[in-house]
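Next comes protein30.txt, a file with compact mmCIF, C-alpha atoms (C1' of nucleotides).
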# COMPACT_ATOMS: atom_id res chain seq x y z
CA MET A 693 0.00 0.00 0.00
CA GLY A 694 2.35 2.73 -1.20
CA THR A 695 1.47 6.39 -1.02
CA LEU A 696 2.07 6.86 -4.73
CA GLU A 697 0.11 9.99 -5.55
CA ARG A 698 -2.86 8.96 -7.66
CA MET A 699 -4.52 11.43 -9.96
CA GLU A 700 -7.68 12.10 -8.02
CA ASP A 701 -10.23 14.84 -8.24
CA GLU A 702 -12.79 16.29 -5.84
CA VAL A 703 -15.40 13.81 -6.97
CA ASP A 704 -13.15 10.92 -5.95
CA ARG A 705 -13.05 12.47 -2.46
CA LEU A 706 -16.79 12.88 -2.48
CA ILE A 707 -17.45 9.31 -3.50
CA GLU A 708 -14.96 7.94 -1.03
CA ALA A 709 -16.73 9.82 1.78
CA TRP A 710 -20.10 8.47 0.79
CA ARG A 711 -18.79 4.91 0.55
CA ARG A 712 -17.42 5.24 4.07
CA GLU A 713 -20.63 6.68 5.46
CA ARG A 714 -23.14 4.65 3.48
CA PRO A 715 -21.48 1.37 2.49
CA ASP A 716 -24.96 0.01 1.79
CA LEU A 717 -25.47 2.35 -1.19
CA ASP A 718 -24.17 1.87 -4.72
CA VAL A 719 -22.72 5.28 -5.46
CA ALA A 720 -21.29 4.37 -8.87
CA PRO A 721 -23.62 6.75 -10.73
CA MET A 722 -21.82 9.67 -9.13
CA GLU A 723 -18.64 8.80 -10.99
CA VAL A 724 -20.24 10.10 -14.14
CA LEU A 725 -23.08 12.36 -13.07
CA SER A 726 -21.41 14.29 -10.26
CA ARG A 727 -18.55 15.03 -12.58
CA VAL A 728 -20.93 16.28 -15.22
CA SER A 729 -22.54 18.65 -12.71
CA ARG A 730 -19.28 19.94 -11.32
CA LEU A 731 -17.68 20.32 -14.71
CA ALA A 732 -20.70 22.27 -15.90
CA ARG A 733 -20.33 24.60 -12.95
CA HIS A 734 -16.70 25.23 -13.75
CA LEU A 735 -17.54 25.75 -17.40
CA ASP A 736 -20.08 28.39 -16.44
CA ARG A 737 -17.45 30.28 -14.53
CA ALA A 738 -14.96 29.98 -17.37
CA ARG A 739 -17.55 31.18 -19.86
CA SER A 740 -18.46 34.17 -17.69
CA GLN A 741 -14.82 35.10 -17.60
CA ALA A 742 -14.34 34.74 -21.35
CA PHE A 743 -17.43 36.82 -22.06
CA GLY A 744 -16.38 39.44 -19.53
CA THR A 745 -13.53 40.47 -21.79
CA HIS A 746 -16.16 41.33 -24.40
CA GLY A 747 -18.38 43.20 -21.94
CA LEU A 748 -21.01 40.49 -22.10
CA GLU A 749 -22.82 38.53 -19.42
CA SER A 750 -23.46 34.83 -19.98
CA TRP A 751 -27.19 35.33 -20.20
CA GLU A 752 -26.66 38.03 -22.80
CA PHE A 753 -24.54 35.72 -24.89
CA ASP A 754 -27.14 32.97 -24.70
CA VAL A 755 -29.77 35.18 -26.28
CA LEU A 756 -27.49 36.78 -28.85
CA ALA A 757 -26.09 33.39 -29.84
CA ALA A 758 -29.57 31.97 -30.42
CA LEU A 759 -30.34 34.87 -32.73
CA ARG A 760 -26.98 34.61 -34.47
CA ARG A 761 -27.27 30.96 -35.34
CA ALA A 762 -30.82 31.43 -36.59
CA GLY A 763 -29.16 33.07 -39.61
CA THR A 764 -30.05 36.25 -41.43
CA PRO A 765 -32.12 38.29 -40.78
CA TYR A 766 -31.27 37.24 -37.20
CA GLN A 767 -34.84 37.39 -35.97
CA LEU A 768 -36.67 35.14 -33.53
CA SER A 769 -39.83 35.54 -31.51
CA PRO A 770 -39.53 35.63 -27.71
CA GLY A 771 -41.31 32.30 -27.72
CA LYS A 772 -38.68 30.65 -29.92
CA LEU A 773 -35.96 32.30 -27.88
CA LEU A 774 -37.18 30.84 -24.63
CA LYS A 775 -37.32 27.38 -26.14
CA GLU A 776 -33.72 27.79 -27.31
CA THR A 777 -32.44 29.11 -24.01
CA LEU A 778 -34.58 27.08 -21.60
CA VAL A 779 -35.79 30.00 -19.52
CA THR A 780 -39.30 31.21 -18.70
CA SER A 781 -41.20 33.93 -20.49
CA GLY A 782 -40.82 36.50 -17.74
CA THR A 783 -37.09 36.02 -17.81
CA MET A 784 -36.97 36.46 -21.55
CA THR A 785 -38.98 39.69 -21.44
CA ASN A 786 -36.44 40.97 -18.95
CA ARG A 787 -33.48 39.88 -21.01
CA VAL A 788 -34.74 41.39 -24.21
CA ASP A 789 -35.51 44.65 -22.38
CA ARG A 790 -31.95 44.94 -21.18
CA LEU A 791 -30.36 43.85 -24.46
CA ALA A 792 -32.50 46.39 -26.29
CA ALA A 793 -31.45 49.09 -23.81
CA ARG A 794 -27.83 48.24 -24.62
CA GLY A 795 -28.53 48.44 -28.34
CA LEU A 796 -27.65 44.81 -29.03
CA VAL A 797 -31.13 43.78 -30.19
CA GLU A 798 -34.34 45.52 -31.14
CA ARG A 799 -38.01 44.59 -30.85
CA LEU A 800 -40.06 44.64 -34.02
CA PRO A 801 -43.78 43.96 -34.38
CA ASP A 802 -44.49 40.62 -36.02
CA PRO A 803 -46.16 41.49 -39.36
CA HIS A 804 -48.13 38.23 -39.36
CA ASP A 805 -49.43 38.18 -35.79
CA ARG A 806 -50.34 41.27 -33.87
CA ARG A 807 -49.79 39.52 -30.54
CA GLY A 808 -46.27 38.74 -31.58
CA VAL A 809 -42.91 40.39 -31.50
CA LEU A 810 -39.70 39.68 -33.34
CA VAL A 811 -36.38 40.20 -31.63
CA GLN A 812 -33.65 41.14 -34.07
CA LEU A 813 -29.91 41.34 -33.64
CA THR A 814 -28.45 44.77 -34.38
CA PRO A 815 -25.12 45.00 -36.23
CA ALA A 816 -23.47 45.84 -32.90
CA GLY A 817 -25.04 42.76 -31.35
CA ARG A 818 -23.84 40.61 -34.19
CA ASP A 819 -20.29 41.86 -33.88
CA LYS A 820 -20.28 41.23 -30.15
CA VAL A 821 -21.60 37.71 -30.37
CA ASP A 822 -19.28 36.76 -33.23
CA ALA A 823 -16.23 37.90 -31.33
CA ALA A 824 -17.36 36.26 -28.10
CA MET A 825 -18.11 32.96 -29.84
CA ALA A 826 -14.67 32.77 -31.44
CA ASP A 827 -13.07 33.50 -28.10
CA LEU A 828 -15.22 30.98 -26.29
CA LEU A 829 -14.25 28.22 -28.70
CA THR A 830 -10.58 29.02 -28.29
CA HIS A 831 -10.90 28.68 -24.53
CA GLU A 832 -12.90 25.48 -24.83
CA ARG A 833 -10.40 23.96 -27.19
CA ALA A 834 -7.70 24.59 -24.62
CA LEU A 835 -9.76 22.85 -21.95
CA LEU A 836 -10.13 19.79 -24.13
CA GLY A 837 -6.46 19.81 -25.03
CA GLY A 838 -5.68 16.77 -22.94
CA LEU A 839 -8.10 14.55 -24.81
CA SER A 840 -7.44 12.94 -28.16
CA ASP A 841 -9.93 13.50 -30.96
CA GLY A 842 -10.96 9.89 -30.67
CA ASP A 843 -11.64 10.17 -26.96
CA GLN A 844 -13.62 13.33 -27.53
CA GLN A 845 -15.79 11.56 -30.05
CA LYS A 846 -16.37 8.65 -27.70
CA ILE A 847 -17.43 10.93 -24.89
CA ALA A 848 -19.60 13.01 -27.16
CA ARG A 849 -21.42 9.87 -28.29
CA ALA A 850 -21.95 8.68 -24.75
CA LEU A 851 -23.17 12.08 -23.60
CA ARG A 852 -25.58 12.18 -26.52
CA GLU A 853 -27.06 8.91 -25.25
CA LEU A 854 -27.52 10.44 -21.83
CA VAL A 855 -29.06 13.70 -23.02
CA ARG A 856 -31.43 12.28 -25.60
CA PRO A 857 -34.10 11.05 -23.20
CA PHE A 858 -34.41 14.60 -21.86
CA ASP A 859 -34.52 16.17 -25.31
CA LEU A 860 -37.25 13.76 -26.33
CA GLU A 861 -39.50 14.17 -23.32
CA LYS A 862 -40.13 17.82 -24.06
CA HIS A 863 -41.64 16.96 -27.42
CA MET B 902 -29.26 11.02 -49.29
CA GLY B 903 -31.99 9.02 -47.59
CA THR B 904 -34.10 10.41 -44.80
CA LEU B 905 -33.18 7.56 -42.48
CA GLU B 906 -33.83 8.98 -39.03
CA ARG B 907 -30.47 9.43 -37.32
CA MET B 908 -30.24 9.52 -33.58
CA GLU B 909 -29.59 13.19 -33.09
CA ASP B 910 -29.97 15.42 -30.09
CA GLU B 911 -30.45 19.13 -29.59
CA VAL B 912 -26.72 19.73 -29.53
CA ASP B 913 -26.39 18.21 -33.00
CA ARG B 914 -28.92 20.82 -34.17
CA LEU B 915 -27.00 23.55 -32.40
CA ILE B 916 -23.69 22.58 -33.92
CA GLU B 917 -25.15 22.18 -37.37
CA ALA B 918 -26.54 25.72 -37.15
CA TRP B 919 -23.21 27.16 -36.10
CA ARG B 920 -21.37 25.32 -38.89
CA ARG B 921 -23.79 26.78 -41.38
CA GLU B 922 -23.48 30.31 -40.03
CA ARG B 923 -19.79 30.33 -39.17
CA PRO B 924 -18.04 27.79 -41.40
CA ASP B 925 -14.78 29.50 -40.49
CA LEU B 926 -14.96 28.34 -36.87
CA ASP B 927 -14.00 24.94 -35.50
CA VAL B 928 -16.98 24.14 -33.32
CA ALA B 929 -15.83 20.64 -32.36
CA PRO B 930 -15.42 21.52 -28.67
CA MET B 931 -19.17 21.95 -28.41
CA GLU B 932 -19.68 18.25 -29.11
CA VAL B 933 -18.44 17.54 -25.62
CA LEU B 934 -18.81 20.75 -23.66
CA SER B 935 -22.25 21.87 -24.77
CA ARG B 936 -23.53 18.41 -23.97
CA VAL B 937 -22.00 18.60 -20.53
CA SER B 938 -23.73 21.91 -19.86
CA ARG B 939 -27.08 20.81 -21.16
CA LEU B 940 -26.97 17.47 -19.41
CA ALA B 941 -26.12 19.23 -16.14
CA ARG B 942 -29.15 21.43 -16.58
CA HIS B 943 -31.40 18.45 -17.09
CA LEU B 944 -29.84 16.69 -14.13
CA ASP B 945 -30.61 19.70 -11.94
CA ARG B 946 -34.23 19.50 -12.90
CA ALA B 947 -34.35 15.77 -12.31
CA ARG B 948 -32.73 16.19 -8.92
CA SER B 949 -35.16 18.92 -7.90
CA GLN B 950 -37.97 16.59 -8.78
CA ALA B 951 -36.52 13.66 -6.85
CA PHE B 952 -35.91 15.81 -3.78
CA GLY B 953 -39.37 17.31 -4.01
CA THR B 954 -40.89 13.98 -3.04
CA HIS B 955 -38.92 14.28 0.20
CA GLY B 956 -39.91 17.88 0.81
CA LEU B 957 -36.40 19.09 0.13
CA GLU B 958 -35.02 21.77 -2.17
CA SER B 959 -31.82 21.06 -4.05
CA TRP B 960 -29.89 23.68 -2.11
CA GLU B 961 -31.08 22.12 1.14
CA PHE B 962 -29.87 18.73 0.05
CA ASP B 963 -26.48 20.12 -0.89
CA VAL B 964 -25.87 21.39 2.62
CA LEU B 965 -27.32 18.39 4.41
CA ALA B 966 -25.34 16.02 2.19
CA ALA B 967 -22.07 17.79 2.96
CA LEU B 968 -22.76 17.39 6.68
CA ARG B 969 -23.85 13.79 6.26
CA ARG B 970 -20.75 12.66 4.46
CA ALA B 971 -18.51 14.43 6.95
CA GLY B 972 -19.44 11.56 9.29
CA THR B 973 -20.46 11.63 12.91
CA PRO B 974 -20.97 13.98 14.70
CA TYR B 975 -22.13 15.56 11.43
CA GLN B 976 -20.64 18.94 12.16
CA LEU B 977 -18.94 21.41 9.82
CA SER B 978 -18.18 25.11 10.08
CA PRO B 979 -19.94 27.45 7.65
CA GLY B 980 -16.52 28.01 6.09
CA LYS B 981 -16.04 24.32 5.32
CA LEU B 982 -19.59 24.11 4.09
CA LEU B 983 -19.14 26.84 1.57
CA LYS B 984 -16.02 25.20 0.22
CA GLU B 985 -17.94 21.95 -0.16
CA THR B 986 -20.93 23.54 -1.84
CA LEU B 987 -19.18 26.26 -3.89
CA VAL B 988 -21.38 29.13 -2.73
CA THR B 989 -20.51 32.42 -1.05
CA SER B 990 -20.61 33.16 2.65
CA GLY B 991 -23.73 35.29 2.49
CA THR B 992 -25.55 32.47 0.77
CA MET B 993 -24.46 29.95 3.36
CA THR B 994 -25.62 32.13 6.26
CA ASN B 995 -28.98 32.27 4.57
CA ARG B 996 -29.14 28.54 3.95
CA VAL B 997 -28.19 27.62 7.47
CA ASP B 998 -30.79 30.07 8.81
CA ARG B 999 -33.53 28.41 6.85
CA LEU B 1000 -32.39 24.86 7.54
CA ALA B 1001 -32.23 25.67 11.24
CA ALA B 1002 -35.73 27.17 11.10
CA ARG B 1003 -36.92 23.86 9.61
CA GLY B 1004 -35.18 21.91 12.35
CA LEU B 1005 -32.85 20.05 10.00
CA VAL B 1006 -29.62 21.54 11.39
CA GLU B 1007 -28.59 23.54 14.42
CA ARG B 1008 -25.92 26.14 15.06
CA LEU B 1009 -23.48 25.48 17.88
CA PRO B 1010 -20.69 27.75 19.09
CA ASP B 1011 -17.24 26.45 18.14
CA PRO B 1012 -15.55 25.59 21.46
CA HIS B 1013 -12.08 26.27 20.01
CA ASP B 1014 -12.71 29.59 18.26
CA ARG B 1015 -15.12 32.17 19.52
CA ARG B 1016 -15.55 33.67 16.07
CA GLY B 1017 -16.64 30.33 14.79
CA VAL B 1018 -19.81 28.33 14.53
CA LEU B 1019 -20.47 24.66 13.95
CA VAL B 1020 -23.45 23.55 11.94
CA GLN B 1021 -24.74 20.18 13.01
CA LEU B 1022 -27.23 17.83 11.42
CA THR B 1023 -30.22 17.03 13.60
CA PRO B 1024 -31.61 13.46 13.64
CA ALA B 1025 -34.48 14.71 11.47
CA GLY B 1026 -31.98 16.21 9.04
CA ARG B 1027 -30.04 13.01 8.87
CA ASP B 1028 -33.13 10.96 8.14
CA LYS B 1029 -34.17 13.32 5.38
CA VAL B 1030 -30.83 13.37 3.66
CA ASP B 1031 -30.37 9.61 3.91
CA ALA B 1032 -33.71 8.97 2.28
CA ALA B 1033 -33.15 11.59 -0.40
CA MET B 1034 -29.70 10.27 -1.24
CA ALA B 1035 -30.93 6.71 -1.71
CA ASP B 1036 -33.69 7.97 -3.96
CA LEU B 1037 -31.36 10.18 -5.95
CA LEU B 1038 -29.04 7.29 -6.66
CA THR B 1039 -31.91 5.14 -7.83
CA HIS B 1040 -32.96 7.80 -10.29
CA GLU B 1041 -29.41 8.37 -11.48
CA ARG B 1042 -28.85 4.67 -12.00
CA ALA B 1043 -31.89 4.63 -14.24
CA LEU B 1044 -30.51 7.52 -16.27
CA LEU B 1045 -27.28 5.66 -16.83
CA GLY B 1046 -29.09 2.47 -17.67
CA GLY B 1047 -28.21 2.66 -21.35
CA LEU B 1048 -24.48 2.68 -20.73
CA SER B 1049 -22.39 -0.39 -19.98
CA ASP B 1050 -20.23 -0.37 -16.88
CA GLY B 1051 -17.18 -0.20 -19.08
CA ASP B 1052 -18.45 2.83 -20.95
CA GLN B 1053 -19.32 4.52 -17.68
CA GLN B 1054 -15.80 4.00 -16.45
CA LYS B 1055 -14.32 5.38 -19.64
CA ILE B 1056 -16.45 8.50 -19.45
CA ALA B 1057 -15.72 8.95 -15.78
CA ARG B 1058 -12.00 8.82 -16.45
CA ALA B 1059 -12.25 11.32 -19.26
CA LEU B 1060 -14.40 13.68 -17.22
CA ARG B 1061 -11.92 13.45 -14.37
CA GLU B 1062 -9.26 14.67 -16.78
CA LEU B 1063 -11.42 17.61 -17.71
CA VAL B 1064 -12.35 18.58 -14.16
CA ARG B 1065 -8.96 18.24 -12.57
CA PRO B 1066 -7.46 21.49 -13.85
CA PHE B 1067 -10.31 23.36 -12.16
CA ASP B 1068 -9.99 21.42 -8.92
CA LEU B 1069 -6.30 22.18 -8.81
CA GLU B 1070 -6.45 25.87 -9.57
CA LYS B 1071 -8.37 26.63 -6.39
CA HIS B 1072 -5.51 25.44 -4.21
C1' DA C 871 -70.80 35.45 -36.82
C1' DT C 872 -69.98 34.35 -31.75
C1' DG C 873 -68.21 32.40 -27.77
C1' DA C 874 -64.69 29.30 -26.05
C1' DT C 875 -60.08 27.86 -26.26
C1' DT C 876 -55.47 28.43 -27.28
C1' DT C 877 -51.37 31.09 -28.04
C1' DA C 878 -47.92 34.98 -27.36
C1' DT C 879 -46.16 38.21 -24.53
C1' DC C 880 -45.75 40.99 -20.56
C1' DT C 881 -46.39 42.06 -15.36
C1' DT C 882 -45.70 41.24 -10.68
C1' DG C 883 -44.03 39.55 -6.26
C1' DA C 884 -41.20 36.19 -3.95
C1' DC C 885 -37.01 33.88 -3.78
C1' DG C 886 -32.03 32.53 -3.70
C1' DT C 887 -27.57 34.15 -4.85
C1' DC C 888 -23.79 37.22 -5.04
C1' DG C 889 -20.38 40.70 -3.69
C1' DA C 890 -18.91 44.22 -0.80
C1' DG C 891 -18.45 45.59 3.54
C1' DA C 892 -19.02 45.28 8.77
C1' DT C 893 -17.85 43.07 13.05
C1' DA C 894 -15.57 40.24 16.11
C1' DC C 895 -11.99 37.31 17.23
C1' DT C 896 -7.24 35.05 16.53
C1' DC C 897 -2.53 34.88 15.22
C1' DT C 898 2.10 36.68 14.51
C1' DA C 899 6.14 39.66 14.54
C1' DG C 900 8.60 42.49 17.20
C1' DC D 702 2.37 42.80 25.40
C1' DT D 703 0.65 45.02 21.48
C1' DA D 704 -0.21 46.61 16.65
C1' DG D 705 -1.30 44.85 12.43
C1' DA D 706 -2.59 41.26 9.48
C1' DG D 707 -5.49 37.49 8.83
C1' DT D 708 -9.73 34.73 9.48
C1' DA D 709 -14.78 33.49 10.37
C1' DT D 710 -19.17 34.83 10.04
C1' DC D 711 -22.94 37.81 9.25
C1' DT D 712 -25.49 41.99 7.05
C1' DC D 713 -27.33 44.33 3.30
C1' DG D 714 -28.63 45.89 -1.26
C1' DA D 715 -28.76 44.66 -6.10
C1' DC D 716 -29.62 41.32 -9.41
C1' DG D 717 -31.62 37.56 -12.36
C1' DT D 718 -34.90 33.99 -12.29
C1' DC D 719 -39.26 31.80 -11.72
C1' DA D 720 -44.26 30.93 -11.33
C1' DA D 721 -48.65 32.62 -11.58
C1' DG D 722 -51.60 35.58 -13.49
C1' DA D 723 -53.07 39.46 -16.72
C1' DT D 724 -53.88 41.05 -21.33
C1' DA D 725 -54.56 40.79 -26.03
C1' DA D 726 -55.01 38.51 -30.34
C1' DA D 727 -55.68 34.41 -33.15
C1' DT D 728 -58.09 30.07 -33.99
C1' DC D 729 -61.74 26.78 -33.76
C1' DA D 730 -66.45 24.84 -33.28
C1' DT D 731 -70.93 25.53 -33.95

Would you give me this structure, written as C-alpha cells?
Amino acid sequence: MGTLERMEDEVDRLIEAWRRERPDLDVAPMEVLSRVSRLARHLDRARSQAFGTHGLESWEFDVLAALRRAGTPYQLSPGKLLKETLVTSGTMTNRVDRLAARGLVERLPDPHDRRGVLVQLTPAGRDKVDAAMADLLTHERALLGGLSDGDQQKIARALRELVRPFDLEKH
Amino acid sequence: MGTLERMEDEVDRLIEAWRRERPDLDVAPMEVLSRVSRLARHLDRARSQAFGTHGLESWEFDVLAALRRAGTPYQLSPGKLLKETLVTSGTMTNRVDRLAARGLVERLPDPHDRRGVLVQLTPAGRDKVDAAMADLLTHERALLGGLSDGDQQKIARALRELVRPFDLEKH
DNA sequence: ATGATTTATCTTGACGTCGAGATACTCTAG
DNA sequence: CTAGAGTATCTCGACGTCAAGATAAATCAT
C-alpha cells in the first residue's frame, strides 16, 4: 500500500466519503453524473470570464447566440428564444428589455401576428456575439487539449445517449 | 441522401446551425462541452424533482449532504460548508438560517474559536438526507441504464481529466 | 358570426444568490 | 504585550430567475 500519488479529483473524495458513510449504497452513478454537474459549474465560470472580456454577461450571450445561429435576418420571436435558451417567459422579457437598452437587439412587431414580436440582432449585437463565440471556442479547445480526438468523439457519443431522453421528453 | 432517421440530439442541431453560419470556426469543442452543460441542466431539474418527493429543495440537500458525508458527529463550520458547496458566505448564512428554522440543522458555538460556529445535522436532518440520497441514486442509476459499466468508467476517467485542472487551480 | 379555447407576450411579487463591507476574534512579529 | 494582518461569520442591497396571473389577439367549433 504505497502512497504513490494517484490522480484524483474532488469527486473521488466525495465518493470515497459516501462509501465510508453509506457502504450500503451503490454510489457508482456519481462517478459520471457528479462530474458532469461539477464540470458544468466550472464551465459556467470559465464562460463568464471569457465573455467578460467582451463586456457580455453569460445570459446576454445565450440570447445573442440563439439569434446569431438562426441566420439572417437574425430574428426570432420571444417564444422561440425561450425554447432555445430554456428560460421562462418572464425572464426572456427581462433579457430582451436589457439587451434592447444596450442596443444589441431591437423589438419589431411581427407582421403576421399582432400579438407577436420579433427580436432582431443589431449590427453591434452581431459583432459582439461573433467575437465572443470565437473567443469561447478558443478557450474550450484549450480545456479539451488533454483529450485525443478519438476520446472526444467517444465521450460526445456517450453524452448524446444520456441527453437524448431529456430532449425527447419535451416533445 | 436518404431520410433515415439518425439519432440526433439538440446539440447536433446547435452545432449544425453554427457550422452553417460560421463555417470559419472549429466548433468541435461543443460536441463535448455543450452536452456537458445541457446534461447538467437536465440533471438539476431531475434532482429537484426527486428531492421534491422528500420535501427538500436542491440547495437544502447540498448542505445536508455535505454534513452527512462528513461523518459523525455531522458537524462542519460554515466556512467548510461553503467550500464543499461552492457558494458564497452570504448564501451559506442564509441557507443555514432556513435549515435551522426547519429543524434540519442547528448552530453550535465552536468551542475552540469564539468567532466560529459549527453547523450540526439534527436526527431529522439526517433521516431526510439519507432517504433523499438513496432515492437520488436510484434515479441516477436509471438515467445511466443505457451505458455499460465499461463505458461509464471510460467517461468517468475522461471527465476526471477535464475537471482536474479546475480542482487544482483553487488550491 | 360568436363564444370558447389556445397562443404569445408581458407584469408582478417572492425567492435565492452574489459581492462588498461590517464586526468580532485570533494569530504573529517584534 | 501590542499593533497589524489574517480569518470566520454575518449583514445588506442589487440582481436575475421563476411561477402565476393578466392582457390581447388568433383560432376553432358551432

Who sits within 12 Å of region 762-766 of chain A, only C-alpha atoms (C1' of nucleotides), same chain under 4 positions skipped, as a ChimeraX atom specification: /A:755-758,772-773,776,796-800,810-815,817-818,821 /B:914-923

Give me the residues of chain B that have any atom at most 7 Å from an atom of chain C; for each, the nearest atom pair and the distance in Å, rounded to one decimal. Use all atoms listed in the file, sort by chain and number, and format it as a tab-separated table.
residue	atom	partner	partner_atom	distance
B:Thr992	CA	C:DT887	C1'	6.2
B:Arg1015	CA	C:DC895	C1'	6.4
B:Arg1016	CA	C:DC895	C1'	5.2

Using all atoms listed in the file, I'd like a table of the residues in chain B that come within 8 Å of chain A; for each, show the closest atom pair and its distance in Å rounded to one decimal, ordered by chain and ascending number, as JSON lines.
{"residue": "B:Glu909", "atom": "CA", "partner": "A:Arg852", "partner_atom": "CA", "distance": 7.8}
{"residue": "B:Asp910", "atom": "CA", "partner": "A:Arg856", "partner_atom": "CA", "distance": 5.7}
{"residue": "B:Glu911", "atom": "CA", "partner": "A:Asp859", "partner_atom": "CA", "distance": 6.6}
{"residue": "B:Leu915", "atom": "CA", "partner": "A:Arg761", "partner_atom": "CA", "distance": 8.0}
{"residue": "B:Ala918", "atom": "CA", "partner": "A:Arg761", "partner_atom": "CA", "distance": 5.6}
{"residue": "B:Trp919", "atom": "CA", "partner": "A:Arg761", "partner_atom": "CA", "distance": 5.6}
{"residue": "B:Glu922", "atom": "CA", "partner": "A:Arg761", "partner_atom": "CA", "distance": 6.1}
{"residue": "B:Leu926", "atom": "CA", "partner": "A:Ala826", "partner_atom": "CA", "distance": 7.0}
{"residue": "B:Asp927", "atom": "CA", "partner": "A:Leu829", "partner_atom": "CA", "distance": 7.6}
{"residue": "B:Val928", "atom": "CA", "partner": "A:Leu829", "partner_atom": "CA", "distance": 6.7}
{"residue": "B:Pro930", "atom": "CA", "partner": "A:Arg833", "partner_atom": "CA", "distance": 5.8}
{"residue": "B:Met931", "atom": "CA", "partner": "A:Leu829", "partner_atom": "CA", "distance": 8.0}
{"residue": "B:Glu932", "atom": "CA", "partner": "A:Ala848", "partner_atom": "CA", "distance": 5.6}
{"residue": "B:Val933", "atom": "CA", "partner": "A:Ala848", "partner_atom": "CA", "distance": 4.9}
{"residue": "B:Leu934", "atom": "CA", "partner": "A:Glu832", "partner_atom": "CA", "distance": 7.7}
{"residue": "B:Arg936", "atom": "CA", "partner": "A:Leu851", "partner_atom": "CA", "distance": 6.4}
{"residue": "B:Val937", "atom": "CA", "partner": "A:Val728", "partner_atom": "CA", "distance": 5.9}
{"residue": "B:Ser938", "atom": "CA", "partner": "A:Ala732", "partner_atom": "CA", "distance": 5.0}
{"residue": "B:Arg939", "atom": "CA", "partner": "A:Val855", "partner_atom": "CA", "distance": 7.6}
{"residue": "B:Leu940", "atom": "CA", "partner": "A:Val855", "partner_atom": "CA", "distance": 5.6}
{"residue": "B:Ala941", "atom": "CA", "partner": "A:Ser729", "partner_atom": "CA", "distance": 5.0}
{"residue": "B:His943", "atom": "CA", "partner": "A:Phe858", "partner_atom": "CA", "distance": 6.8}
{"residue": "B:Leu944", "atom": "CA", "partner": "A:Ser729", "partner_atom": "CA", "distance": 7.7}
{"residue": "B:Arg969", "atom": "CA", "partner": "A:Glu713", "partner_atom": "CA", "distance": 7.8}
{"residue": "B:Arg970", "atom": "CA", "partner": "A:Ala709", "partner_atom": "CA", "distance": 5.6}
{"residue": "B:Ala971", "atom": "CA", "partner": "A:Ala709", "partner_atom": "CA", "distance": 7.2}
{"residue": "B:Gly972", "atom": "CA", "partner": "A:Glu713", "partner_atom": "CA", "distance": 6.3}
{"residue": "B:Ala1035", "atom": "CA", "partner": "A:Leu717", "partner_atom": "CA", "distance": 7.0}
{"residue": "B:Leu1038", "atom": "CA", "partner": "A:Val719", "partner_atom": "CA", "distance": 6.7}
{"residue": "B:Glu1041", "atom": "CA", "partner": "A:Pro721", "partner_atom": "CA", "distance": 6.1}
{"residue": "B:Arg1042", "atom": "CA", "partner": "A:Pro721", "partner_atom": "CA", "distance": 5.8}
{"residue": "B:Leu1044", "atom": "CA", "partner": "A:Leu854", "partner_atom": "CA", "distance": 7.0}
{"residue": "B:Leu1045", "atom": "CA", "partner": "A:Leu854", "partner_atom": "CA", "distance": 6.9}
{"residue": "B:Gly1047", "atom": "CA", "partner": "A:Glu853", "partner_atom": "CA", "distance": 7.5}
{"residue": "B:Leu1048", "atom": "CA", "partner": "A:Ala850", "partner_atom": "CA", "distance": 7.7}
{"residue": "B:Asp1052", "atom": "CA", "partner": "A:Ala850", "partner_atom": "CA", "distance": 7.8}
{"residue": "B:Gln1053", "atom": "CA", "partner": "A:Val724", "partner_atom": "CA", "distance": 6.7}
{"residue": "B:Gln1054", "atom": "CA", "partner": "A:Glu723", "partner_atom": "CA", "distance": 7.8}
{"residue": "B:Ile1056", "atom": "CA", "partner": "A:Ile847", "partner_atom": "CA", "distance": 6.0}
{"residue": "B:Ala1057", "atom": "CA", "partner": "A:Val724", "partner_atom": "CA", "distance": 4.9}
{"residue": "B:Ala1059", "atom": "CA", "partner": "A:Leu839", "partner_atom": "CA", "distance": 7.6}
{"residue": "B:Leu1060", "atom": "CA", "partner": "A:Arg727", "partner_atom": "CA", "distance": 6.4}
{"residue": "B:Arg1061", "atom": "CA", "partner": "A:Asp701", "partner_atom": "CA", "distance": 6.5}
{"residue": "B:Glu1062", "atom": "CA", "partner": "A:Gly838", "partner_atom": "CA", "distance": 7.4}
{"residue": "B:Leu1063", "atom": "CA", "partner": "A:Leu836", "partner_atom": "CA", "distance": 6.9}
{"residue": "B:Val1064", "atom": "CA", "partner": "A:Leu731", "partner_atom": "CA", "distance": 5.6}
{"residue": "B:Arg1065", "atom": "CA", "partner": "A:Asp701", "partner_atom": "CA", "distance": 5.6}
{"residue": "B:Phe1067", "atom": "CA", "partner": "A:His734", "partner_atom": "CA", "distance": 6.8}
{"residue": "B:Asp1068", "atom": "CA", "partner": "A:Glu702", "partner_atom": "CA", "distance": 6.6}

Interface, chain D side, toward chain A (8 Å; only C-alpha atoms (C1' of nucleotides)) as a list in words: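 Every residue meeting the condition is included here: DG717, DT718, DC719, DA725, DA726 and DA727 of chain D.
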
Atom-to-atom span, C1' of DC716 (chain D) and CA of Phe753 (chain A), Å: 17.2 Å

Å distance separating CA of Ser978 (chain B) from CA of Pro1010 (chain B), one decimal place: 9.7 Å

Gap from CA of Gly1004 (chain B) to C1' of DT708 (chain D) - Å, one decimal: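 Here the two named atoms are 28.6 Å from each other.
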